[in-house]
file input_24.csv (CSV, C-alpha atoms)
chain,number,residue,atom,x,y,z
A,77,MET,CA,153.4,73.5,110.0
A,78,SER,CA,155.2,74.8,107.0
A,79,VAL,CA,158.4,76.8,107.4
A,80,GLU,CA,159.7,79.2,104.7
A,81,LYS,CA,163.0,78.3,103.1
A,82,ARG,CA,165.1,80.0,100.4
A,83,GLY,CA,164.2,79.0,96.9
A,84,HIS,CA,167.0,78.4,94.3
A,85,SER,CA,166.9,80.8,91.3
A,86,ALA,CA,169.4,82.2,88.8
A,87,SER,CA,169.9,85.6,87.4
A,88,GLY,CA,167.3,86.1,84.6
A,89,TRP,CA,169.7,88.2,82.5
A,90,SER,CA,172.4,85.4,82.4
A,91,MET,CA,169.8,82.8,81.5
A,92,LEU,CA,168.4,85.1,78.8
A,93,VAL,CA,171.7,85.1,77.1
A,94,VAL,CA,171.9,81.3,77.4
A,95,VAL,CA,168.4,80.8,75.9
A,96,ILE,CA,169.2,83.2,73.0
A,97,VAL,CA,172.4,81.3,72.3
A,98,ALA,CA,170.4,78.0,72.4
A,99,PHE,CA,167.9,79.3,69.9
A,100,ALA,CA,170.7,80.5,67.6
A,101,ALA,CA,172.5,77.2,67.9
A,102,SER,CA,169.4,75.2,67.0
A,103,VAL,CA,168.9,77.3,63.9
A,104,ALA,CA,172.6,77.0,62.9
A,105,LEU,CA,172.5,73.2,63.4
A,106,PHE,CA,169.3,72.9,61.3
A,107,VAL,CA,170.8,75.0,58.5
A,108,MET,CA,174.0,72.9,58.6
A,109,GLY,CA,172.0,69.7,58.4
A,110,GLN,CA,170.2,71.0,55.3
A,111,VAL,CA,173.2,72.3,53.4
A,112,GLY,CA,174.5,69.8,50.8
A,113,ARG,CA,173.7,66.3,51.8
A,114,THR,CA,171.0,66.1,54.5
A,115,ASN,CA,172.4,65.2,57.9
A,116,LEU,CA,169.7,63.5,60.0
A,117,ALA,CA,171.8,63.7,63.2
A,118,LEU,CA,172.3,67.4,62.9
A,119,GLU,CA,168.6,68.0,62.3
A,120,VAL,CA,167.6,65.8,65.3
A,121,THR,CA,170.2,67.7,67.5
A,122,ALA,CA,168.8,71.0,66.3
A,123,CYS,CA,165.2,70.0,67.1
A,124,ALA,CA,166.3,68.8,70.6
A,125,VAL,CA,168.2,72.1,71.3
A,126,PHE,CA,165.2,74.1,70.1
A,127,VAL,CA,162.8,72.1,72.4
A,128,LEU,CA,165.2,72.6,75.4
A,129,ALA,CA,165.4,76.4,74.6
A,130,CYS,CA,161.6,76.7,74.5
A,131,PHE,CA,161.4,74.8,77.8
A,132,ALA,CA,164.0,77.0,79.5
A,133,ALA,CA,162.2,80.1,78.2
A,134,ASN,CA,159.2,79.3,80.4
A,135,GLY,CA,161.3,79.7,83.6
A,136,PHE,CA,161.6,83.5,83.5
A,137,PHE,CA,159.7,85.6,86.1
A,138,THR,CA,160.1,88.9,87.8
A,139,VAL,CA,160.0,89.8,91.5
A,140,GLN,CA,159.1,93.4,92.4
A,141,PRO,CA,160.3,95.1,95.6
A,142,GLY,CA,158.1,94.0,98.5
A,143,GLN,CA,157.1,90.8,96.9
A,144,ALA,CA,158.1,87.1,97.0
A,145,ARG,CA,157.6,84.2,94.6
A,146,VAL,CA,156.5,80.8,96.1
A,147,CYS,CA,157.9,77.8,94.2
A,148,VAL,CA,156.1,74.4,94.2
A,149,LEU,CA,157.4,71.3,92.4
A,150,PHE,CA,154.9,68.5,91.8
A,151,GLY,CA,152.9,69.5,94.8
A,152,LYS,CA,155.9,69.9,97.1
A,153,TYR,CA,157.0,73.2,98.5
A,154,ALA,CA,160.5,74.0,97.0
A,155,GLY,CA,161.2,77.4,98.5
A,156,THR,CA,160.5,81.1,98.3
A,157,VAL,CA,162.4,83.5,96.0
A,158,ARG,CA,162.8,87.0,97.5
A,159,GLU,CA,165.5,88.4,95.2
A,160,GLU,CA,164.3,91.3,93.2
A,161,GLY,CA,164.4,91.8,89.5
A,162,LEU,CA,164.4,89.3,86.5
A,163,ARG,CA,165.0,85.8,87.8
A,164,TRP,CA,165.0,82.3,86.3
A,165,ALA,CA,164.1,79.0,88.0
A,166,ASN,CA,162.9,75.5,87.0
A,167,PRO,CA,160.1,76.1,84.5
A,168,LEU,CA,158.1,73.3,86.3
A,169,TYR,CA,157.8,75.6,89.3
A,170,ALA,CA,155.6,78.1,87.5
A,171,ARG,CA,153.2,75.5,86.1
A,172,ASN,CA,152.7,73.8,89.5
A,173,VAL,CA,152.4,77.1,91.4
A,174,ARG,CA,149.7,78.4,89.2
A,175,ALA,CA,147.6,75.3,89.8
A,176,SER,CA,148.3,74.7,93.5
A,177,THR,CA,147.9,78.0,95.4
A,178,SER,CA,144.8,79.9,96.2
A,179,PHE,CA,146.6,83.2,95.7
A,180,ALA,CA,147.1,82.7,92.0
A,181,ARG,CA,143.9,84.2,90.6
A,182,LYS,CA,143.0,84.2,86.9
A,183,GLY,CA,146.0,82.1,86.0
A,184,GLU,CA,148.6,84.4,87.4
A,185,ALA,CA,151.8,83.1,89.1
A,186,ALA,CA,151.8,83.0,92.9
A,187,LYS,CA,153.3,86.2,94.1
A,188,VAL,CA,152.8,87.0,97.7
A,189,SER,CA,153.2,90.6,98.9
A,190,VAL,CA,155.4,91.0,102.0
A,191,ARG,CA,154.7,94.7,102.2
A,192,ALA,CA,153.1,96.3,105.2
A,193,ARG,CA,149.3,96.5,105.0
A,194,THR,CA,146.7,98.4,107.0
A,195,LEU,CA,143.5,96.8,108.2
A,196,ASN,CA,140.9,99.4,109.2
A,197,GLY,CA,138.4,97.4,111.3
A,198,GLU,CA,134.7,98.1,111.4
A,199,HIS,CA,132.8,99.4,114.5
A,200,LEU,CA,131.9,96.5,116.7
A,201,LYS,CA,129.4,96.3,119.6
A,202,VAL,CA,130.8,94.3,122.5
A,203,ASN,CA,130.5,94.0,126.2
A,204,ASP,CA,133.3,95.2,128.4
A,205,LYS,CA,134.5,93.5,131.6
A,206,MET,CA,131.6,95.1,133.6
A,207,GLY,CA,129.0,93.9,131.0
A,208,ASN,CA,128.4,97.4,129.6
A,209,PRO,CA,127.7,97.5,125.9
A,210,ILE,CA,130.4,99.6,124.1
A,211,GLU,CA,131.3,100.4,120.5
A,212,ILE,CA,135.0,99.8,119.5
A,213,ALA,CA,137.1,99.7,116.4
A,214,ASN,CA,140.8,99.2,115.7
A,215,VAL,CA,143.4,99.6,113.0
A,216,VAL,CA,146.1,97.0,112.5
A,217,VAL,CA,149.4,97.3,110.5
A,218,TRP,CA,150.6,93.8,109.4
A,219,HIS,CA,152.8,92.0,106.9
A,220,VAL,CA,153.5,88.5,105.7
A,221,GLU,CA,156.6,87.2,107.5
A,222,ASP,CA,156.5,83.5,106.5
A,223,THR,CA,155.2,83.0,102.9
A,224,ALA,CA,155.1,79.2,103.4
A,225,LYS,CA,152.6,79.4,106.3
A,226,ALA,CA,150.6,82.0,104.5
A,227,CYS,CA,150.2,79.9,101.4
A,228,PHE,CA,149.9,76.3,102.7
A,229,ASP,CA,148.8,76.5,106.4
A,230,VAL,CA,145.6,78.6,105.9
A,231,ASP,CA,143.2,78.7,103.0
A,232,ASP,CA,143.3,82.5,102.4
A,233,TYR,CA,145.5,84.5,104.7
A,234,GLU,CA,143.8,87.8,104.0
A,235,SER,CA,140.4,86.5,105.1
A,236,PHE,CA,142.1,84.8,108.0
A,237,VAL,CA,143.6,88.1,109.1
A,238,ASP,CA,140.3,89.9,108.9
A,239,MET,CA,138.4,87.3,111.0
A,240,GLN,CA,141.2,87.0,113.6
A,241,ALA,CA,141.5,90.7,114.0
A,242,GLU,CA,137.8,91.0,114.9
A,243,THR,CA,138.1,88.0,117.3
A,244,ALA,CA,141.1,89.5,119.0
A,245,LEU,CA,139.5,92.9,119.4
A,246,ARG,CA,136.3,91.3,121.0
A,247,HIS,CA,138.5,89.3,123.4
A,248,VAL,CA,140.5,92.3,124.5
A,249,ALA,CA,137.4,94.5,125.0
A,250,SER,CA,135.9,91.8,127.2
A,251,VAL,CA,138.9,91.6,129.4
A,252,TYR,CA,139.1,95.3,130.4
A,253,ALA,CA,136.5,97.7,131.7
A,254,TYR,CA,135.6,100.8,129.7
A,255,ASP,CA,136.4,103.2,132.5
A,256,HIS,CA,137.0,103.5,136.3
A,257,MET,CA,133.6,103.0,138.0
A,258,GLU,CA,134.9,104.1,141.4
A,259,ASP,CA,137.2,106.9,142.7
A,260,ASP,CA,139.1,104.8,145.2
A,261,SER,CA,142.9,104.4,144.8
A,262,GLU,CA,142.7,100.7,144.1
A,263,SER,CA,140.2,101.1,141.3
A,264,SER,CA,142.1,104.0,139.7
A,265,LYS,CA,145.1,101.8,139.3
A,266,THR,CA,143.4,99.2,137.2
A,267,ILE,CA,143.9,99.2,133.4
A,268,THR,CA,140.8,100.4,131.4
A,269,LEU,CA,140.1,100.9,127.7
A,270,ARG,CA,139.7,104.6,127.9
A,271,SER,CA,142.4,105.6,130.4
A,272,ASN,CA,145.3,103.3,129.4
A,273,ILE,CA,145.7,103.6,125.7
A,274,GLU,CA,149.3,102.4,125.5
A,275,GLU,CA,148.7,99.3,127.7
A,276,ILE,CA,145.6,98.4,125.7
A,277,SER,CA,147.5,98.7,122.4
A,278,GLU,CA,150.3,96.4,123.6
A,279,ALA,CA,147.7,93.9,124.8
A,280,LEU,CA,145.9,94.0,121.5
A,281,LYS,CA,149.2,93.6,119.6
A,282,ARG,CA,150.1,90.5,121.7
A,283,GLU,CA,146.7,89.0,121.1
A,284,LEU,CA,146.9,89.6,117.4
A,285,GLY,CA,150.4,88.2,117.2
A,286,GLN,CA,149.3,85.0,118.8
A,287,ARG,CA,146.3,84.6,116.5
A,288,PHE,CA,148.2,85.6,113.3
A,289,ALA,CA,151.1,83.3,113.9
A,290,PRO,CA,149.6,80.2,112.2
A,291,ALA,CA,149.3,82.2,109.0
A,292,GLY,CA,152.9,83.5,109.1
A,293,VAL,CA,151.7,87.1,109.6
A,294,ALA,CA,153.5,89.5,111.9
A,295,VAL,CA,151.8,92.6,113.5
A,296,ASP,CA,153.7,95.9,113.2
A,297,ASP,CA,151.2,98.0,115.2
A,298,ALA,CA,147.7,97.9,116.5
A,299,ARG,CA,145.6,100.9,117.9
A,300,LEU,CA,142.1,101.7,118.9
A,301,THR,CA,140.4,104.1,116.5
A,302,HIS,CA,137.0,104.3,118.1
A,303,LEU,CA,135.7,103.8,121.6
A,304,ALA,CA,132.4,104.8,123.0
A,305,TYR,CA,129.4,103.6,125.0
A,306,ALA,CA,126.6,102.0,123.0
A,307,PRO,CA,123.7,104.4,122.3
A,308,GLU,CA,121.3,102.6,124.6
A,309,ILE,CA,123.4,103.5,127.7
A,310,ALA,CA,125.3,106.6,126.5
A,311,GLN,CA,122.9,109.1,128.1
A,312,ALA,CA,123.0,107.3,131.5
A,313,MET,CA,126.8,107.1,131.4
A,314,LEU,CA,127.0,110.7,130.5
A,315,ARG,CA,125.0,111.7,133.5
A,316,ARG,CA,127.2,109.5,135.7
A,317,GLN,CA,130.3,111.3,134.3
A,318,GLN,CA,128.7,114.7,134.9
A,319,ALA,CA,127.9,113.7,138.5
A,320,GLU,CA,131.5,112.5,139.1
A,321,ALA,CA,132.7,115.8,137.7
A,322,ILE,CA,130.4,117.8,140.0
A,323,ILE,CA,131.5,115.7,143.0
A,324,ALA,CA,135.2,116.2,142.2
A,325,ALA,CA,134.7,120.0,141.8
A,326,ARG,CA,132.7,120.2,145.1
A,327,LYS,CA,135.5,118.2,146.8
A,328,LYS,CA,138.1,120.7,145.7
A,329,ILE,CA,136.0,123.6,146.7
A,330,VAL,CA,135.4,122.2,150.2
A,331,GLU,CA,139.1,121.4,150.7
A,332,GLY,CA,140.0,125.0,149.7
A,333,ALA,CA,137.3,126.5,151.9
A,334,VAL,CA,138.4,124.5,155.0
A,335,SER,CA,142.0,125.6,154.4
A,336,MET,CA,141.0,129.3,154.1
A,337,VAL,CA,138.7,129.2,157.2
A,338,ASP,CA,141.4,127.6,159.2
A,339,MET,CA,143.9,130.2,158.1
A,340,ALA,CA,141.5,133.1,158.8
A,341,VAL,CA,140.6,131.9,162.3
A,342,LYS,CA,144.3,131.3,163.3
A,343,GLN,CA,145.4,134.6,162.0
A,344,LEU,CA,142.7,136.5,163.9
A,345,SER,CA,143.4,134.6,167.1
A,346,SER,CA,147.1,135.0,166.9
A,347,SER,CA,147.1,138.7,166.2
A,348,GLY,CA,145.1,139.4,169.3
A,349,THR,CA,142.9,142.0,167.5
A,350,ILE,CA,139.7,140.1,168.2
A,351,ASP,CA,139.2,137.8,171.1
A,352,LEU,CA,137.2,134.8,169.8
A,353,ASP,CA,135.9,132.1,172.0
A,354,ASP,CA,135.1,128.6,170.7
A,355,GLU,CA,131.4,129.5,170.0
A,356,ARG,CA,132.3,132.5,167.9
A,357,LYS,CA,135.0,130.6,166.1
A,358,ALA,CA,132.5,128.0,165.2
A,359,SER,CA,130.0,130.7,164.1
A,360,MET,CA,132.7,132.4,162.0
A,361,ALA,CA,133.8,129.1,160.4
A,362,SER,CA,130.2,128.3,159.6
A,363,ASN,CA,129.6,131.7,157.9
A,364,LEU,CA,132.8,131.5,156.0
A,365,MET,CA,132.0,128.0,154.7
A,366,VAL,CA,128.6,129.2,153.5
A,367,VAL,CA,130.2,132.1,151.7
A,368,LEU,CA,133.0,130.1,150.1
A,369,CYS,CA,131.1,127.0,149.2
A,370,GLY,CA,127.8,128.6,148.0
A,371,GLU,CA,127.0,128.7,144.3
A,372,SER,CA,125.5,132.2,144.4
A,373,GLU,CA,127.1,135.3,145.7
A,374,ALA,CA,126.8,136.0,149.4
A,375,GLN,CA,124.5,138.8,150.6
A,376,PRO,CA,126.2,140.3,153.7
A,377,VAL,CA,124.2,141.7,156.6
A,378,VAL,CA,125.8,144.7,158.2
A,379,ASN,CA,125.6,144.7,162.0
A,380,ALA,CA,125.4,148.3,163.2
A,381,GLY,CA,125.0,147.4,166.8
A,382,THR,CA,127.2,145.6,169.3
A,383,LEU,CA,129.0,142.4,168.5
A,384,TYR,CA,127.2,140.7,171.3
A,385,GLN,CA,123.5,140.5,170.7
A,386,GLY,CA,121.4,139.8,173.8
call {"tool": "encode", "arguments": {"input": "input_24.csv", "output": "structure tokens"}}
result
Amino acid sequence: MSVEKRGHSASGWSMLVVVIVAFAASVALFVMGQVGRTNLALEVTACAVFVLACFAANGFFTVQPGQARVCVLFGKYAGTVREEGLRWANPLYARNVRASTSFARKGEAAKVSVRARTLNGEHLKVNDKMGNPIEIANVVVWHVEDTAKACFDVDDYESFVDMQAETALRHVASVYAYDHMEDDSESSKTITLRSNIEEISEALKRELGQRFAPAGVAVDDARLTHLAYAPEIAQAMLRRQQAEAIIAARKKIVEGAVSMVDMAVKQLSSSGTIDLDDERKASMASNLMVVLCGESEAQPVVNAGTLYQG
């Protein structure tokens, strides 16, 4: 696999002065050769200097912030220039790079952007760990870390990132369940797509990092942007969630009612105001539970006679 290395380049402004001086020298030598008696040696020298100056003039290029220039010499990777501004390198680099990389479109020089990019994935329909069809989508922030791998180890790193991002998301979605299906303690500790956002994001980031590595791409962040049951089971899952909510609410109501009944019976017995035997304690507890747990308001019956009915 390719590994990025630093490319050799010189300051473009210094080389610009050298090229201008070379053009001026070629003109001066040619004029000197023409003055008086023609001097063939000076004319040949002037032509040679002019050709060299034209050749050197093709070595200028610019590197903007957040970009890098990949240099190739006769089919061999020569290095990557990351220094910003006007630069100069071997003019043969530019010619070979234009012809050898898939990133140079319409005859442009091969400039690879190393800026952070955002990939907003489409909604995918996949099956979670339990086999339930779900809809899921993600957003990935990434950048090119190794320009050599991006240019030479994959055909098109942008398409590679798109495909691998979808593959990684499908794999992560199939490893975890959408939500907790049971209320027991062991099930509530398992990682799910809906309940453990941070853990799922870290797992997705690791998966993407492994898949992007061959292309020299690093993952800055990865998050889920959409998560829902597929339409064909959404209504059934909604009813299940409503049933779970009702059961949880009933459980809380019963726990509170039991606590209140126990407190009432104990206080009445300890105060000595009313002497209650076990049968009447059970009757009072039953009546209080009906009142406290009932959905509608209780309709009391006033007993105008004795407490003990024959």
call {"tool": "atom_distance", "arguments": {"input": "input_24.csv", "atom1": "atom CA of A:Leu269", "atom2": "atom CA of A:Ala249"}}
result
7.5 Å
call {"tool": "atom_distance", "arguments": {"input": "input_24.csv", "atom1": "atom CA of A:Ala186", "atom2": "atom CA of A:Met91"}}
result
21.3 Å
call {"tool": "atom_distance", "arguments": {"input": "input_24.csv", "atom1": "atom CA of A:Phe136", "atom2": "atom CA of A:Phe106"}}
result
25.8 Å
call {"tool": "closest_residue", "arguments": {"input": "input_24.csv", "among": "A:Ser335, A:Thr268, A:Asn208, A:Ser85", "to": "A:Met365", "atoms": "all atoms listed in the file"}}
result
A:Ser335
call {"tool": "residues_around", "arguments": {"input": "input_24.csv", "residues": "A:Leu92", "least_positions_apart": "4", "cutoff": "9 Å", "atoms": "all atoms listed in the file", "output": "short mmCIF file (atom, residue, chain, number, x, y, z; two decimals) with C-alpha atoms, in the coordinates of the input"}}
result
data_model
loop_
_atom_site.label_atom_id
_atom_site.label_comp_id
_atom_site.auth_asym_id
_atom_site.auth_seq_id
_atom_site.Cartn_x
_atom_site.Cartn_y
_atom_site.Cartn_z
CA SER A 87 169.90 85.60 87.40
CA GLY A 88 167.30 86.10 84.60
CA ILE A 96 169.20 83.20 73.00
CA VAL A 97 172.40 81.30 72.30
CA ALA A 133 162.20 80.10 78.20
CA PHE A 136 161.60 83.50 83.50
CA TRP A 164 165.00 82.30 86.30
#
call {"tool": "residues_around", "arguments": {"input": "input_24.csv", "residues": "stretch 144-150 of chain A", "least_positions_apart": "5", "cutoff": "7 Å", "atoms": "only C-alpha atoms", "output": "list of chain:residue names"}}
result
A:Gly83, A:Val139, A:Gly155, A:Thr156, A:Val157, A:Arg158, A:Leu168, A:Tyr169, A:Asn172, A:Val173, A:Ala186, A:Lys187, A:Val188, A:Ser189, A:Val190
call {"tool": "closest_residue", "arguments": {"input": "input_24.csv", "among": "A:Ala224, A:Leu303, A:Ala122, A:Val95", "to": "A:Met108", "atoms": "only C-alpha atoms"}}
result
A:Ala122
call {"tool": "closest_residue", "arguments": {"input": "input_24.csv", "among": "A:Arg193, A:Arg287, A:His219, A:Lys81", "to": "A:Ala154", "atoms": "only C-alpha atoms"}}
result
A:Lys81
call {"tool": "residues_around", "arguments": {"input": "input_24.csv", "residues": "stretch 360-363 of chain A", "least_positions_apart": "6", "cutoff": "8 Å", "atoms": "all atoms listed in the file", "output": "number ranges by chain"}}
result
A: 337-338, 341
call {"tool": "write_last_selection", "arguments": {"input": "input_24.csv", "atoms": "C-alpha atoms", "output": "PDB file, in the frame of the given file"}}
result
ATOM      1  CA  VAL A 337     138.700 129.200 157.200  1.00  0.00           C
ATOM      2  CA  ASP A 338     141.400 127.600 159.200  1.00  0.00           C
ATOM      3  CA  VAL A 341     140.600 131.900 162.300  1.00  0.00           C
TER       4      VAL A 341
END
call {"tool": "closest_residue", "arguments": {"input": "input_24.csv", "among": "A:Met336, A:Ala86, A:Ile276, A:Leu300", "to": "A:Glu198", "atoms": "only C-alpha atoms"}}
result
A:Leu300
call {"tool": "closest_residue", "arguments": {"input": "input_24.csv", "among": "A:Val367, A:Pro167, A:Thr121, A:Gly197", "to": "A:Ala101", "atoms": "all atoms listed in the file"}}
result
A:Thr121
call {"tool": "residues_around", "arguments": {"input": "input_24.csv", "residues": "A:Ile329", "least_positions_apart": "3", "cutoff": "12 Å", "atoms": "only C-alpha atoms", "output": "PyMOL selection string"}}
result
chain A and resi 322-326+332-336+365-371
call {"tool": "residues_around", "arguments": {"input": "input_24.csv", "residues": "A:Asp297", "least_positions_apart": "4", "cutoff": "9 Å", "atoms": "all atoms listed in the file", "output": "PyMOL selection string"}}
result
chain A and resi 215-218+277-278+281
call {"tool": "closest_residue", "arguments": {"input": "input_24.csv", "among": "A:Ala129, A:Ala298, A:Ile309, A:Ala289", "to": "A:Ala213", "atoms": "only C-alpha atoms"}}
result
A:Ala298
call {"tool": "build_atoms", "arguments": {"input": "input_24.csv", "residues": "stretch 82-95 of chain A", "atoms": "N, CA and C atoms", "output": "compact mmCIF listing (two decimals), keeping the file's coordinate frame"}}
result
# COMPACT_ATOMS: atom_id res chain seq x y z
N ARG A 82 164.62 79.25 101.61
CA ARG A 82 165.10 80.00 100.40
C ARG A 82 164.99 79.16 99.18
N GLY A 83 164.37 79.70 98.17
CA GLY A 83 164.20 79.00 96.90
C GLY A 83 165.44 79.29 96.00
N HIS A 84 165.79 78.32 95.17
CA HIS A 84 167.00 78.40 94.30
C HIS A 84 166.51 79.08 92.97
N SER A 85 167.18 80.14 92.60
CA SER A 85 166.90 80.80 91.30
C SER A 85 168.20 81.42 90.81
N ALA A 86 168.23 81.62 89.50
CA ALA A 86 169.40 82.20 88.80
C ALA A 86 169.06 83.56 88.29
N SER A 87 170.09 84.31 87.94
CA SER A 87 169.90 85.60 87.40
C SER A 87 169.16 85.48 86.02
N GLY A 88 168.11 86.21 85.83
CA GLY A 88 167.30 86.10 84.60
C GLY A 88 168.10 86.62 83.40
N TRP A 89 168.97 87.60 83.59
CA TRP A 89 169.70 88.20 82.50
C TRP A 89 170.74 87.15 81.94
N SER A 90 171.39 86.45 82.83
CA SER A 90 172.40 85.40 82.40
C SER A 90 171.66 84.30 81.63
N MET A 91 170.52 83.86 82.18
CA MET A 91 169.80 82.80 81.50
C MET A 91 169.17 83.27 80.20
N LEU A 92 168.88 84.53 80.08
CA LEU A 92 168.40 85.10 78.80
C LEU A 92 169.39 84.94 77.73
N VAL A 93 170.64 85.22 78.06
CA VAL A 93 171.70 85.10 77.10
C VAL A 93 171.85 83.59 76.68
N VAL A 94 171.76 82.69 77.67
CA VAL A 94 171.90 81.30 77.40
C VAL A 94 170.75 80.79 76.47
N VAL A 95 169.52 81.26 76.73
CA VAL A 95 168.40 80.80 75.90
C VAL A 95 168.53 81.38 74.48
